[in-house]
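**Q** Data: upload_3.txt, compact mmCIF, C-alpha atoms and all ligand atoms.
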```
# COMPACT_ATOMS: atom_id res chain seq x y z
CA MET A 1 7.39 10.71 9.78
CA LYS A 2 3.73 10.93 8.72
CA ILE A 3 1.57 7.87 8.10
CA ILE A 4 -1.00 8.24 5.33
CA ALA A 5 -3.45 5.36 4.79
CA SER A 6 -5.31 4.76 1.55
CA TYR A 7 -8.38 3.05 2.91
CA SER A 8 -12.03 2.25 2.20
CA ASN A 9 -14.36 -0.36 3.63
CA LYS A 10 -15.37 -0.99 -0.01
CA GLY A 11 -13.38 -2.90 -2.64
CA GLY A 12 -12.51 -1.74 -6.15
CA VAL A 13 -12.87 2.00 -5.42
CA GLY A 14 -9.31 3.09 -6.24
CA LYS A 15 -7.40 2.55 -2.98
CA THR A 16 -4.42 0.97 -4.68
CA ALA A 17 -4.47 3.49 -7.52
CA CYS A 18 -4.48 6.22 -4.86
CA ALA A 19 -1.70 4.66 -2.78
CA VAL A 20 0.57 4.12 -5.81
CA ASN A 21 0.06 7.57 -7.34
CA LEU A 22 0.07 9.39 -4.02
CA ALA A 23 3.34 7.70 -3.05
CA TYR A 24 4.83 8.59 -6.44
CA SER A 25 3.63 12.21 -6.27
CA LEU A 26 4.99 12.66 -2.75
CA ALA A 27 8.35 11.20 -3.82
CA GLN A 28 8.43 13.51 -6.88
CA SER A 29 7.88 16.45 -4.52
CA GLY A 30 11.01 15.46 -2.61
CA HIS A 31 9.58 13.52 0.33
CA ARG A 32 11.28 10.25 1.22
CA VAL A 33 8.44 7.76 0.85
CA LEU A 34 7.82 4.16 1.84
CA LEU A 35 4.79 2.56 0.20
CA CYS A 36 3.70 -0.26 2.47
CA ASP A 37 1.35 -2.77 0.86
CA LEU A 38 -0.88 -4.27 3.55
CA ASP A 39 -3.18 -6.05 1.09
CA PRO A 40 -2.16 -9.73 0.67
CA GLN A 41 -3.13 -9.50 -3.02
CA GLY A 42 -0.02 -7.37 -3.49
CA ALA A 43 -1.32 -5.00 -6.19
CA SER A 44 0.86 -2.04 -5.15
CA GLY A 45 4.01 -4.13 -5.40
CA PHE A 46 2.84 -5.39 -8.80
CA TYR A 47 2.48 -1.84 -10.13
CA PHE A 48 6.07 -1.10 -9.11
CA ARG A 49 7.44 -4.39 -10.48
CA VAL A 50 8.50 -5.48 -7.02
CA ARG A 51 8.21 -9.16 -6.14
CA PRO A 52 6.11 -10.26 -3.18
CA SER A 53 8.13 -10.27 0.03
CA ARG A 54 9.12 -13.70 1.28
CA GLY A 55 9.24 -14.79 4.85
CA LEU A 56 7.72 -11.66 6.35
CA THR A 57 4.87 -13.17 8.33
CA GLY A 58 2.20 -11.31 10.24
CA LYS A 59 3.91 -12.21 13.47
CA ARG A 60 7.34 -10.94 12.40
CA PHE A 61 5.83 -7.81 10.94
CA PHE A 62 4.44 -6.80 14.30
CA THR A 63 7.16 -8.10 16.61
CA ARG A 64 10.47 -7.71 14.76
CA ALA A 65 11.05 -4.24 13.38
CA GLU A 66 14.27 -5.34 11.63
CA ARG A 67 12.24 -7.78 9.51
CA ILE A 68 10.35 -4.86 8.01
CA SER A 69 13.62 -3.14 7.05
CA ASP A 70 14.90 -6.39 5.48
CA ALA A 71 11.78 -6.73 3.35
CA ILE A 72 11.87 -3.17 1.95
CA ARG A 73 12.81 -2.92 -1.74
CA GLY A 74 13.87 0.03 -3.86
CA SER A 75 11.68 1.19 -6.76
CA ASP A 76 12.64 2.61 -10.18
CA PHE A 77 11.96 6.09 -8.79
CA ASP A 78 13.95 8.46 -6.58
CA ASN A 79 12.85 8.78 -2.95
CA LEU A 80 10.43 5.85 -3.24
CA ASP A 81 10.77 2.44 -1.61
CA ILE A 82 8.24 -0.37 -1.41
CA LEU A 83 7.39 -2.86 1.28
CA PRO A 84 5.68 -5.52 -0.84
CA ALA A 85 2.93 -7.73 0.56
CA ASN A 86 2.70 -11.48 0.50
CA MET A 87 -0.02 -14.02 1.18
CA ASN A 88 1.08 -14.33 4.83
CA PHE A 89 -0.38 -10.86 5.31
CA ARG A 90 -3.77 -12.61 5.38
CA ASP A 91 -2.83 -13.51 8.96
CA PHE A 92 -2.46 -9.91 10.15
CA ASP A 93 -5.86 -9.96 11.75
CA VAL A 94 -5.29 -13.23 13.55
CA PHE A 95 -1.98 -12.06 15.03
CA LEU A 96 -3.18 -8.63 15.93
CA SER A 97 -6.31 -9.87 17.63
CA ARG A 98 -4.21 -12.23 19.77
CA MET A 99 -1.77 -9.50 20.77
CA LYS A 100 -2.02 -7.20 23.71
CA ARG A 101 -2.37 -3.54 22.78
CA SER A 102 -3.08 -4.64 19.21
CA GLN A 103 -4.31 -1.17 18.27
CA SER A 104 -0.93 0.47 18.80
CA ARG A 105 1.18 -2.31 17.21
CA LEU A 106 1.13 -1.05 13.66
CA GLY A 107 2.32 2.41 14.61
CA LYS A 108 5.02 0.85 16.74
CA ALA A 109 6.19 -1.47 13.95
CA LEU A 110 6.39 1.42 11.47
CA ARG A 111 8.28 3.65 13.87
CA GLY A 112 11.23 1.31 13.25
CA VAL A 113 11.79 3.09 9.91
CA ARG A 114 11.04 6.66 11.03
CA GLU A 115 14.63 7.86 10.46
CA GLU A 116 14.60 6.73 6.82
CA TYR A 117 11.28 8.14 5.61
CA ASP A 118 9.23 11.33 5.74
CA CYS A 119 5.99 9.59 4.74
CA VAL A 120 4.68 6.04 4.89
CA VAL A 121 1.76 5.37 2.56
CA LEU A 122 -0.35 2.34 3.49
CA ASP A 123 -2.31 0.49 0.80
CA CYS A 124 -5.03 -1.18 2.87
CA PRO A 125 -7.30 -4.15 2.27
CA PRO A 126 -11.03 -3.38 2.12
CA ASN A 127 -12.59 -4.41 5.39
CA ILE A 128 -13.22 -3.18 8.89
CA SER A 129 -11.07 -5.48 11.00
CA THR A 130 -8.50 -5.52 13.77
CA LEU A 131 -5.93 -4.45 11.17
CA SER A 132 -8.01 -1.54 9.92
CA GLU A 133 -8.60 -0.33 13.46
CA ALA A 134 -4.85 -0.41 13.98
CA VAL A 135 -4.51 1.58 10.74
CA PHE A 136 -7.05 4.16 11.95
CA ARG A 137 -5.06 4.62 15.16
CA ALA A 138 -1.60 4.69 13.54
CA ALA A 139 -2.43 6.98 10.60
CA ASP A 140 -2.08 10.75 10.63
CA ALA A 141 -4.40 10.92 7.62
CA ILE A 142 -6.83 8.38 6.20
CA VAL A 143 -7.44 9.05 2.54
CA VAL A 144 -10.73 7.48 1.41
CA PRO A 145 -11.63 7.13 -2.29
CA VAL A 146 -15.38 7.43 -2.85
CA ILE A 147 -16.97 6.62 -6.24
CA PRO A 148 -19.89 9.03 -6.45
CA THR A 149 -22.71 6.45 -6.45
CA THR A 150 -25.50 5.60 -4.03
CA LEU A 151 -23.85 2.47 -2.69
CA SER A 152 -20.58 4.30 -1.95
CA GLU A 153 -22.49 7.00 -0.15
CA ARG A 154 -23.94 4.32 2.12
CA THR A 155 -20.53 2.70 2.70
CA PHE A 156 -19.05 6.08 3.60
CA ALA A 157 -21.84 6.68 6.12
CA GLN A 158 -21.05 3.26 7.66
CA LEU A 159 -17.39 4.23 7.99
CA LEU A 160 -18.24 7.48 9.77
CA GLU A 161 -20.61 5.55 12.05
CA PHE A 162 -17.83 3.11 12.91
CA PHE A 163 -15.50 5.98 13.81
CA LYS A 164 -18.15 7.47 16.05
CA ASP A 165 -18.98 4.17 17.79
CA HIS A 166 -15.31 3.37 18.44
CA GLY A 167 -14.18 6.79 19.57
CA LEU A 168 -11.90 7.19 16.53
CA GLU A 169 -10.79 10.57 15.22
CA LYS A 170 -13.01 11.52 12.29
CA ARG A 171 -10.80 14.54 11.58
CA LYS A 172 -8.18 12.14 10.17
CA ILE A 173 -10.50 11.23 7.28
CA ARG A 174 -9.74 12.90 3.93
CA ALA A 175 -12.26 11.56 1.44
CA PHE A 176 -12.05 12.32 -2.26
CA PHE A 177 -14.16 11.44 -5.28
CA SER A 178 -12.63 8.65 -7.30
CA MET A 179 -13.39 7.54 -10.88
CA ALA A 180 -15.77 10.47 -11.24
CA GLN A 181 -17.53 10.89 -14.57
CA GLY A 182 -18.58 14.48 -15.18
CA THR A 183 -21.08 13.45 -17.84
CA LYS A 184 -23.10 11.30 -15.46
CA LYS A 185 -25.97 13.10 -13.75
CA LEU A 186 -25.92 10.71 -10.79
CA HIS A 187 -22.21 11.36 -10.19
CA GLY A 188 -22.73 15.13 -10.25
CA GLU A 189 -25.70 14.99 -7.88
CA THR A 190 -24.01 12.59 -5.46
CA MET A 191 -20.85 14.72 -5.33
CA ARG A 192 -22.81 17.89 -4.61
CA ARG A 193 -24.86 16.21 -1.88
CA MET A 194 -21.93 14.50 -0.20
CA ARG A 195 -19.78 17.64 -0.26
CA LYS A 196 -22.61 19.46 1.46
CA ASP A 197 -23.34 16.71 4.01
CA HIS A 198 -19.67 16.03 4.82
CA ALA A 199 -18.07 19.36 4.05
CA LYS A 200 -15.17 18.91 6.45
CA ARG A 201 -14.36 15.36 5.35
CA PHE A 202 -13.80 15.93 1.61
CA LEU A 203 -10.71 17.13 -0.20
CA ASP A 204 -11.28 19.57 -3.07
CA VAL A 205 -9.60 17.34 -5.64
CA THR A 206 -11.58 14.86 -7.75
CA ILE A 207 -9.86 11.96 -9.50
CA PRO A 208 -11.54 11.48 -12.88
CA ALA A 209 -12.36 8.12 -14.42
CA SER A 210 -9.41 7.75 -16.76
CA THR A 211 -8.01 5.13 -19.09
CA ASP A 212 -4.54 6.28 -17.97
CA VAL A 213 -5.23 4.86 -14.52
CA GLU A 214 -6.37 1.59 -16.07
CA LYS A 215 -3.20 1.51 -18.20
CA MET A 216 -1.08 1.42 -15.04
CA GLY A 217 -1.53 -2.34 -15.22
CA VAL A 218 0.06 -2.40 -18.68
CA HIS A 219 2.93 -0.01 -17.90
CA ARG A 220 3.28 -1.31 -14.37
CA ALA A 221 4.08 2.21 -13.22
CA PRO A 222 2.30 5.20 -11.70
CA VAL A 223 0.41 7.47 -14.14
CA GLY A 224 2.75 10.38 -13.48
CA SER A 225 5.65 8.40 -14.95
CA PHE A 226 4.08 7.67 -18.34
CA ALA A 227 1.39 10.37 -18.77
CA PRO A 228 2.54 13.25 -16.56
CA SER A 229 0.65 15.97 -18.46
CA HIS A 230 -2.69 14.14 -18.45
CA ASP A 231 -5.58 14.95 -16.12
CA ALA A 232 -5.29 11.89 -13.88
CA ALA A 233 -1.60 12.43 -13.10
CA LYS A 234 -2.19 16.11 -12.36
CA ALA A 235 -5.13 15.25 -10.13
CA TYR A 236 -3.04 12.79 -8.08
CA MET A 237 -0.34 15.46 -7.71
CA THR A 238 -3.00 17.90 -6.46
CA LEU A 239 -4.27 15.21 -4.09
CA SER A 240 -0.79 14.73 -2.63
CA ARG A 241 -0.38 18.49 -2.12
CA GLU A 242 -3.78 18.77 -0.45
CA VAL A 243 -3.01 15.89 1.88
CA VAL A 244 0.41 17.29 2.84
CA LYS A 245 -1.11 20.71 3.45
CA SER A 246 -3.74 19.18 5.72
CA LEU A 247 -1.24 17.39 7.96
N1 LIG A 301 -9.51 6.93 -11.74
C1 LIG A 301 -9.72 5.74 -12.32
N2 LIG A 301 -10.19 5.66 -13.59
C2 LIG A 301 -10.41 4.48 -14.19
N3 LIG A 301 -10.18 3.29 -13.61
C3 LIG A 301 -9.72 3.29 -12.36
C4 LIG A 301 -9.45 4.50 -11.63
N4 LIG A 301 -8.99 4.18 -10.39
C5 LIG A 301 -8.96 2.84 -10.34
N5 LIG A 301 -9.39 2.30 -11.52
C6 LIG A 301 -9.50 0.88 -11.87
O1 LIG A 301 -10.47 0.29 -11.03
C7 LIG A 301 -10.04 -0.97 -10.57
C8 LIG A 301 -9.94 -0.97 -9.04
O2 LIG A 301 -8.96 -0.03 -8.64
P1 LIG A 301 -8.00 -0.30 -7.41
O3 LIG A 301 -7.15 0.89 -7.24
O4 LIG A 301 -7.32 -1.61 -7.56
O5 LIG A 301 -9.10 -0.39 -6.25
P2 LIG A 301 -9.01 -0.99 -4.77
O6 LIG A 301 -7.59 -0.99 -4.35
O7 LIG A 301 -9.88 -0.06 -3.98
O8 LIG A 301 -9.59 -2.37 -4.85
C9 LIG A 301 -8.70 -1.24 -11.24
O9 LIG A 301 -8.93 -2.02 -12.38
C10 LIG A 301 -8.21 0.13 -11.62
O10 LIG A 301 -7.42 0.10 -12.79
MG MG A 302 -6.31 -2.49 -3.66
```
Let's see the structure in the file written out as structure tokens.
Ligand SMILES: Nc1ncnc2c1ncn2[C@@H]1O[C@H](COP(=O)(O)OP(=O)(O)O)[C@@H](O)[C@H]1O
Ligand SMILES: [Mg+2]
**A**
Amino acid sequence: MKIIASYSNKGGVGKTACAVNLAYSLAQSGHRVLLCDLDPQGASGFYFRVRPSRGLTGKRFFTRAERISDAIRGSDFDNLDILPANMNFRDFDVFLSRMKRSQSRLGKALRGVREEYDCVVLDCPPNISTLSEAVFRAADAIVVPVIPTTLSERTFAQLLEFFKDHGLEKRKIRAFFSMAQGTKKLHGETMRRMRKDHAKRFLDVTIPASTDVEKMGVHRAPVGSFAPSHDAAKAYMTLSREVVKSL
């Protein structure tokens, strides 16, 4: 079982869009996928019309593997299950920071479902915290959406710095450009520069800015299910293939 995290230390960059469409694309390719929503806001669950989980607290999540299995819900799609978030997930950091060996707890909790799934996709909240450090340790790949702007470039540099300072494995990072607009000069220049500066960290695929991705909120479904022939859906499928190939 491979653990793939959709993560950025910046909000609103397309982490949830990535997690949802990556999970869907992997499932369409025949992998048995669990999408695990770690963000208390519960956006991933919303997109799949799954209600927030009840009763799964931070403490139970990390200490009682069977509670995770109980909270897993099916989706409308083959091979794809969801572990929805709830507001208790705000406490993840508090519990983890109190626990011994907090950094290995997430991986341990998820290993409880390793027989059932080939891939676990984690939709992460946007901060650098005890939880995100646990994510960095547990994940086999950390997929990082980067909007090609100056501020995102700075945030990405901060993330790499954090990995260096904490002895984390930079080779796990698979960044990709998110919401890219080919017509914008700044986007083009930033993408060229960042690809050059961080050649090993970037996937080839670019996810375009697309109204289809925005419409996921209306359809409450991944783009591939309602606009499979459009650019965004194809790009997410390419992303999933690139990630699998890199594992
Ligand atoms: N490729 C895209 N094109 C256009 N809008 C996008 C794209 N990806 C995400 N969005 C929109 O940007 C907003 C933030 O995306 P989201 O995936 O929720 O980010 P995050 O999880 O990083 O906060 C949402 O309104 C979403 O619909
Ligand atoms: Mg999100």
**Q** Considering only C-alpha atoms and all ligand atoms, give me a table of residues in chain A that are at most 6 Å from ligand LIG 301 (chain A), with the closest atom pair and distance in Å for each, as a tab-separated table.
**A**
```
residue	atom	partner	partner_atom	distance
A:Gly11	CA	A:LIG301	O8	4.4
A:Gly12	CA	A:LIG301	O8	3.3
A:Val13	CA	A:LIG301	O7	3.9
A:Gly14	CA	A:LIG301	O3	3.2
A:Lys15	CA	A:LIG301	O7	3.7
A:Thr16	CA	A:LIG301	O6	3.7
A:Ala17	CA	A:LIG301	O3	3.7
A:Ser178	CA	A:LIG301	N1	5.7
A:Met179	CA	A:LIG301	N1	4.0
A:Ile207	CA	A:LIG301	N1	5.5
A:Pro208	CA	A:LIG301	N1	5.1
A:Ala209	CA	A:LIG301	N2	3.4
A:Ser210	CA	A:LIG301	N2	3.9
A:Thr211	CA	A:LIG301	C2	5.5
A:Val213	CA	A:LIG301	C1	5.1
A:Glu214	CA	A:LIG301	O10	3.8
```
**Q** Hey, can you check how far atom CA of Thr57 of chain A sits from atom CA of Asp91 of chain A?
**A** 7.7 Å
**Q** Please, what distance in Å, to one decimal, runs between atom CA of Asp212 of chain A and atom CA of Ser25 of chain A?
**A**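 Between these atoms lies a distance of 15.5 Å.
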**Q** Using all atoms listed in the file, determine which residues fall within 10 Å of ligand MG 302 (chain A), then list them as a list in words.
**A**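 So the residues close to ligand MG 302 (chain A) are Ser6, Tyr7, Ser8, Lys10, Gly11, Gly12, Val13, Gly14, Lys15, Thr16, Ala17, Cys18, Ala19, Val20, Asp37, Leu38, Asp39, Pro40, Gln41, Gly42, Ala43, Ser44, Asp123, Cys124, Pro125 and Pro126 of chain A.
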**Q** At what distance in Å, to one decimal, does atom CA of Val120 of chain A lie from atom CA of Ile173 of chain A?
**A** 16.2 Å
**Q** Got a sec: who's within 12 Å of Leu151 of chain A, counting only C-alpha atoms, leaving out chain neighbours fewer than 5 positions off, as a ChimeraX atom specification?
**A** /A:9-11,13,146,156-158,186-187,190
**Q** Determine the nearest neighbour of Arg111 of chain A from the options A:Arg154, A:Arg54, A:Arg32, A:Lys2, counting only C-alpha atoms.
**A**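 Among the listed residues, A:Lys2 lies closest to Arg111 of chain A.
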**Q** Using all atoms listed in the file, find the one residue out of A:Phe177, A:Tyr117, A:Tyr236, A:Phe62 that sits nearest to Ala134 of chain A.
**A**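 Closest candidate: A:Phe62.
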**Q** Near Ser69 of chain A, within 12 Å and counting all atoms listed in the file, which residues show up once chain neighbours fewer than 5 positions away are dropped, as a list in words?
**A**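 Residues meeting the cut-off are Leu34, Cys36, Ser53, Leu56, Arg60, Phe61, Arg64, Gly74, Asp81, Ile82, Leu83, Pro84, Ala109, Leu110, Arg111, Gly112, Val113, Arg114, Glu115, Glu116 and Tyr117 of chain A.
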**Q** Compare A:Ser225, A:Ser246, A:Ser240, A:Ser132 by their minimum atom-to-atom distance to Lys200 of chain A, counting only C-alpha atoms, and give me the closest one.
**A** A:Ser246
**Q** Tell me which residues come within 8 Å of (2.6, -3.7, 20.2), as a list in words, counting all atoms listed in the file in the file's coordinates.
**A**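 Residues with an atom close enough to that point: Phe62, Thr63, Met99, Lys100, Arg101, Ser102, Gln103, Ser104, Arg105, Leu106, Lys108 and Ala109 of chain A.
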**Q** My list of candidates is A:Ser152, A:Ser29, A:Gln181, A:Asn79. Which is closest to Thr238 of chain A when distances are computed with all atoms listed in the file?
**A**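 Distance minimum relative to Thr238 of chain A lands on A:Ser29.
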**Q** Write out as a list of chain:residue names which residues come within 9 Å of Thr130 of chain A when counting all atoms listed in the file, dropping same-chain ones fewer than 5 positions away.
**A**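 Returned residues: A:Phe92, A:Asp93, A:Val94, A:Leu96, A:Ser97, A:Ser102, A:Gln103, A:Val135.
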**Q** With C-alpha atoms kept, could you save the residues just selected as an mmCIF file, keeping the file's coordinate frame?
**A**
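Dumped everything to out_18.cif:
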```cif
data_model
loop_
_atom_site.group_PDB
_atom_site.id
_atom_site.type_symbol
_atom_site.label_atom_id
_atom_site.label_comp_id
_atom_site.auth_asym_id
_atom_site.auth_seq_id
_atom_site.Cartn_x
_atom_site.Cartn_y
_atom_site.Cartn_z
ATOM 1 C CA PHE A 92 -2.460 -9.910 10.150
ATOM 2 C CA ASP A 93 -5.860 -9.960 11.750
ATOM 3 C CA VAL A 94 -5.290 -13.230 13.550
ATOM 4 C CA LEU A 96 -3.180 -8.630 15.930
ATOM 5 C CA SER A 97 -6.310 -9.870 17.630
ATOM 6 C CA SER A 102 -3.080 -4.640 19.210
ATOM 7 C CA GLN A 103 -4.310 -1.170 18.270
ATOM 8 C CA VAL A 135 -4.510 1.580 10.740
#
```
**Q** Every residue with an atom at most 9 Å from (-1.9, 13.9, 2.8) (file coordinates; only C-alpha atoms) is what I'm after, so could you write them as a list in words?
**A**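 Applying the cut-off with only C-alpha atoms, one gets Lys2, Ile3, Ile4, Ala5, Leu22, Leu26, Asp140, Ala141, Ile142, Val143, Arg174, Leu239, Ser240, Arg241, Glu242, Val243, Val244, Lys245, Ser246 and Leu247 of chain A.
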**Q** Residues at most 9 Å from segment 220-222 of chain A, counting all atoms listed in the file, excluding those fewer than 3 positions away in the same chain, as a ChimeraX atom specification?
**A** /A:17,20-21,24-25,46-49,213,215-217,225-227,233
